[in-house]
$ cat upload_15.pdb   # PDB, C-alpha atoms, pLDDT in the B column
ATOM      1  CA  MET A  13     -15.367 -27.307   0.606  1.00 47.00           C
ATOM      2  CA  GLU A  14     -15.585 -30.453  -1.524  1.00 47.00           C
ATOM      3  CA  THR A  15     -14.097 -30.527  -4.964  1.00 47.00           C
ATOM      4  CA  ASP A  16     -14.808 -33.195  -7.553  1.00 49.00           C
ATOM      5  CA  TYR A  17     -11.848 -34.105  -9.677  1.00 45.00           C
ATOM      6  CA  ASN A  18     -10.533 -36.983 -11.641  1.00 47.00           C
ATOM      7  CA  PRO A  19      -6.951 -37.920 -10.623  1.00 46.00           C
ATOM      8  CA  MET A  20      -6.267 -38.986 -14.212  1.00 48.00           C
ATOM      9  CA  GLU A  21      -7.107 -35.498 -15.463  1.00 45.00           C
ATOM     10  CA  LEU A  22      -4.595 -33.937 -13.086  1.00 44.00           C
ATOM     11  CA  SER A  23      -1.805 -36.282 -14.102  1.00 43.00           C
ATOM     12  CA  SER A  24      -2.381 -35.524 -17.771  1.00 43.00           C
ATOM     13  CA  MET A  25      -2.105 -31.761 -17.292  1.00 43.00           C
ATOM     14  CA  SER A  26       1.413 -30.708 -18.098  1.00 42.00           C
ATOM     15  CA  GLY A  27       2.319 -27.192 -17.013  1.00 42.00           C
ATOM     16  CA  PHE A  28      -0.976 -26.735 -15.177  1.00 40.00           C
ATOM     17  CA  GLU A  29       0.382 -23.623 -13.454  1.00 40.00           C
ATOM     18  CA  ASP A  30       0.231 -21.806 -16.789  1.00 41.00           C
ATOM     19  CA  SER A  31      -3.308 -22.874 -17.560  1.00 39.00           C
ATOM     20  CA  SER A  32      -5.599 -19.941 -18.230  1.00 38.00           C
ATOM     21  CA  GLU A  33      -8.293 -21.803 -16.310  1.00 39.00           C
ATOM     22  CA  LEU A  34      -6.177 -21.781 -13.157  1.00 38.00           C
ATOM     23  CA  ASN A  35      -4.901 -18.225 -13.521  1.00 39.00           C
ATOM     24  CA  GLY A  36      -8.374 -16.720 -13.834  1.00 39.00           C
ATOM     25  CA  PHE A  37      -9.043 -16.389 -10.113  1.00 39.00           C
ATOM     26  CA  GLU A  38     -10.730 -13.161  -9.135  1.00 46.00           C
ATOM     27  CA  GLY A  39      -8.377 -10.661  -7.525  1.00 46.00           C
ATOM     28  CA  THR A  40      -5.089 -12.140  -8.707  1.00 43.00           C
ATOM     29  CA  ASP A  41      -4.226  -8.958 -10.603  1.00 49.00           C
ATOM     30  CA  MET A  42      -4.773  -6.725  -7.561  1.00 50.00           C
ATOM     31  CA  LYS A  43      -1.742  -5.803  -5.479  1.00 68.00           C
ATOM     32  CA  ASP A  44      -1.911  -5.934  -1.710  1.00 87.00           C
ATOM     33  CA  MET A  45      -1.137  -2.298  -0.911  1.00 92.00           C
ATOM     34  CA  ARG A  46      -0.093  -3.113   2.655  1.00 91.00           C
ATOM     35  CA  LEU A  47       2.803  -5.173   1.263  1.00 94.00           C
ATOM     36  CA  GLU A  48       3.658  -2.375  -1.154  1.00 95.00           C
ATOM     37  CA  ALA A  49       3.552   0.115   1.732  1.00 96.00           C
ATOM     38  CA  GLU A  50       5.968  -2.001   3.782  1.00 96.00           C
ATOM     39  CA  ALA A  51       8.383  -1.961   0.838  1.00 97.00           C
ATOM     40  CA  VAL A  52       8.092   1.834   0.565  1.00 97.00           C
ATOM     41  CA  VAL A  53       8.868   2.235   4.263  1.00 97.00           C
ATOM     42  CA  ASN A  54      11.871  -0.092   4.042  1.00 97.00           C
ATOM     43  CA  ASP A  55      13.230   1.856   1.062  1.00 96.00           C
ATOM     44  CA  VAL A  56      13.335   5.287   2.715  1.00 96.00           C
ATOM     45  CA  LEU A  57      13.287   4.727   6.471  1.00 95.00           C
ATOM     46  CA  PHE A  58      16.917   5.913   6.601  1.00 95.00           C
ATOM     47  CA  ALA A  59      15.935   9.328   5.210  1.00 95.00           C
ATOM     48  CA  VAL A  60      13.188  10.301   7.670  1.00 98.00           C
ATOM     49  CA  ASN A  61      12.800  10.515  11.426  1.00 98.00           C
ATOM     50  CA  ASN A  62      10.001   7.959  11.549  1.00 98.00           C
ATOM     51  CA  MET A  63       7.917   6.071   9.018  1.00 98.00           C
ATOM     52  CA  PHE A  64       5.546   3.142   9.391  1.00 97.00           C
ATOM     53  CA  VAL A  65       2.499   1.569   7.820  1.00 96.00           C
ATOM     54  CA  SER A  66      -0.581   2.559   9.748  1.00 93.00           C
ATOM     55  CA  LYS A  67      -2.159  -0.283  11.636  1.00 85.00           C
ATOM     56  CA  SER A  68      -4.764   1.947  13.222  1.00 71.00           C
ATOM     57  CA  LEU A  69      -8.202   0.453  13.151  1.00 52.00           C
ATOM     58  CA  ARG A  70      -9.523   2.944  15.661  1.00 46.00           C
ATOM     59  CA  SER A  71      -9.618   5.785  13.160  1.00 48.00           C
ATOM     60  CA  LYS A  72     -12.851   5.785  11.197  1.00 47.00           C
ATOM     61  CA  SER A  73     -11.237   7.848   8.463  1.00 54.00           C
ATOM     62  CA  LEU A  74      -8.761   5.109   7.514  1.00 62.00           C
ATOM     63  CA  ARG A  75     -10.589   2.567   5.419  1.00 62.00           C
ATOM     64  CA  CYS A  76      -9.233  -0.946   5.311  1.00 59.00           C
ATOM     65  CA  ALA A  77      -8.949  -2.553   1.892  1.00 68.00           C
ATOM     66  CA  ASP A  78      -6.443  -4.421  -0.242  1.00 75.00           C
ATOM     67  CA  ASP A  79      -6.296  -1.547  -2.741  1.00 90.00           C
ATOM     68  CA  VAL A  80      -5.209   1.169  -0.280  1.00 94.00           C
ATOM     69  CA  ALA A  81      -2.702   1.506   2.548  1.00 95.00           C
ATOM     70  CA  TYR A  82      -1.773   4.388   4.800  1.00 96.00           C
ATOM     71  CA  ILE A  83       1.749   5.333   5.798  1.00 97.00           C
ATOM     72  CA  ASN A  84       2.642   7.691   8.620  1.00 98.00           C
ATOM     73  CA  VAL A  85       5.833   9.664   8.133  1.00 98.00           C
ATOM     74  CA  GLU A  86       7.726  12.209  10.204  1.00 98.00           C
ATOM     75  CA  THR A  87      10.288  14.091   8.133  1.00 98.00           C
ATOM     76  CA  LYS A  88      13.700  15.303   9.287  1.00 97.00           C
ATOM     77  CA  GLU A  89      12.033  18.701   9.799  1.00 97.00           C
ATOM     78  CA  ARG A  90       9.637  17.055  12.315  1.00 97.00           C
ATOM     79  CA  SER A  91       6.578  17.536  10.088  1.00 98.00           C
ATOM     80  CA  ARG A  92       4.084  14.683  10.280  1.00 98.00           C
ATOM     81  CA  TYR A  93       1.996  13.369   7.420  1.00 98.00           C
ATOM     82  CA  CYS A  94      -0.436  10.602   6.703  1.00 97.00           C
ATOM     83  CA  LEU A  95       0.114   9.258   3.186  1.00 97.00           C
ATOM     84  CA  GLU A  96      -2.274   7.219   1.094  1.00 97.00           C
ATOM     85  CA  LEU A  97      -0.838   4.552  -1.200  1.00 97.00           C
ATOM     86  CA  THR A  98      -2.972   3.283  -4.084  1.00 96.00           C
ATOM     87  CA  GLU A  99      -2.379   2.099  -7.640  1.00 96.00           C
ATOM     88  CA  ALA A 100      -2.398   5.814  -8.586  1.00 97.00           C
ATOM     89  CA  GLY A 101       0.631   6.482  -6.371  1.00 97.00           C
ATOM     90  CA  LEU A 102       1.310   8.228  -3.072  1.00 98.00           C
ATOM     91  CA  ARG A 103      -0.321  11.402  -1.814  1.00 98.00           C
ATOM     92  CA  VAL A 104      -0.638  13.368   1.407  1.00 98.00           C
ATOM     93  CA  VAL A 105      -4.078  12.911   2.948  1.00 97.00           C
ATOM     94  CA  GLY A 106      -3.433  14.373   6.397  1.00 97.00           C
ATOM     95  CA  TYR A 107      -1.050  16.433   8.492  1.00 97.00           C
ATOM     96  CA  ALA A 108      -0.950  14.103  11.504  1.00 96.00           C
ATOM     97  CA  PHE A 109      -0.498  10.376  12.003  1.00 96.00           C
ATOM     98  CA  ASP A 110      -3.595   8.308  11.165  1.00 95.00           C
ATOM     99  CA  GLN A 111      -5.570  11.373  10.071  1.00 94.00           C
ATOM    100  CA  VAL A 112      -7.335  11.820   6.738  1.00 94.00           C
ATOM    101  CA  ASP A 113      -8.691  15.185   5.693  1.00 94.00           C
ATOM    102  CA  ASP A 114     -11.254  14.442   2.969  1.00 91.00           C
ATOM    103  CA  HIS A 115     -11.088  18.058   1.774  1.00 95.00           C
ATOM    104  CA  LEU A 116      -7.382  17.920   0.876  1.00 95.00           C
ATOM    105  CA  GLN A 117      -6.745  17.965  -2.858  1.00 95.00           C
ATOM    106  CA  THR A 118      -3.116  16.892  -3.053  1.00 97.00           C
ATOM    107  CA  PRO A 119      -1.363  15.475  -6.110  1.00 98.00           C
ATOM    108  CA  TYR A 120      -0.299  11.874  -6.498  1.00 98.00           C
ATOM    109  CA  TYR A 121       3.405  11.104  -6.700  1.00 98.00           C
ATOM    110  CA  GLU A 122       4.668   8.170  -8.677  1.00 97.00           C
ATOM    111  CA  THR A 123       7.447   7.402  -6.182  1.00 97.00           C
ATOM    112  CA  VAL A 124       8.114   8.001  -2.518  1.00 97.00           C
ATOM    113  CA  TYR A 125      11.330   9.745  -3.556  1.00 96.00           C
ATOM    114  CA  SER A 126       9.521  12.415  -5.563  1.00 97.00           C
ATOM    115  CA  LEU A 127       7.050  12.916  -2.710  1.00 98.00           C
ATOM    116  CA  LEU A 128       9.857  13.348  -0.162  1.00 97.00           C
ATOM    117  CA  ASP A 129      11.696  15.729  -2.497  1.00 96.00           C
ATOM    118  CA  THR A 130       8.640  17.973  -2.218  1.00 96.00           C
ATOM    119  CA  LEU A 131       7.928  17.519   1.508  1.00 96.00           C
ATOM    120  CA  SER A 132      11.372  17.436   3.052  1.00 96.00           C
ATOM    121  CA  PRO A 133      14.298  19.684   2.043  1.00 93.00           C
ATOM    122  CA  ALA A 134      16.509  17.702   4.459  1.00 91.00           C
ATOM    123  CA  TYR A 135      15.657  14.483   2.690  1.00 88.00           C
TER     124      TYR A 135
END

$ encode --input "upload_15.pdb" --output "structure tokens"
Amino acid sequence: METDYNPMELSSMSGFEDSSELNGFEGTDMKDMRLEAEAVVNDVLFAVNNMFVSKSLRSKSLRCADDVAYINVETKERSRYCLELTEAGLRVVGYAFDQVDDHLQTPYYETVYSLLDTLSPAY
């Protein structure tokens, strides 16, 4: 992709990182939920039997997008869940790894800690 620019214009821009013109790229305000999901897993992996961000592309029910990520968790009680992470928070979307039940109407939790408090007495 070719870009026309004047080298003199660039040298005269002081603090160009703060320019509103340069910060207006589409999508810069959106979080990458996969990165957020990795942070969630790293925070509480010690408190569960198993927890990982789903990388399953074989499941048609798991949609791939920057605004949603799925986390599989097995609690200390050996219960398995598929969690959805969005800007709204975390919620249970299935009762097996990489499974989404579209009919489930579960609440969103603001933190993984509050979700685990509900799901896992041994947590």

$ closest_residue --input "upload_15.pdb" --among "A:Asn84, A:Ser66, A:Thr123, A:Asn54" --to "Gly106 of chain A" --atoms "all atoms listed in the file"
A:Asn84

$ residues_around --input "upload_15.pdb" --residues "segment 92-98 of chain A" --least-positions-apart "5" --cutoff "9 Å" --atoms "all atoms listed in the file" --output "PyMOL selection string"
chain A and resi 45-46+48-49+66+79-87+103-112

$ atom_distance --input "upload_15.pdb" --atom1 "atom CA of Asn62 of chain A" --atom2 "atom CA of His115 of chain A"
25.3 Å

$ closest_residue --input "upload_15.pdb" --among "A:Lys67, A:Leu57, A:Gly101, A:Lys88" --to "Glu122 of chain A" --atoms "all atoms listed in the file"
A:Gly101
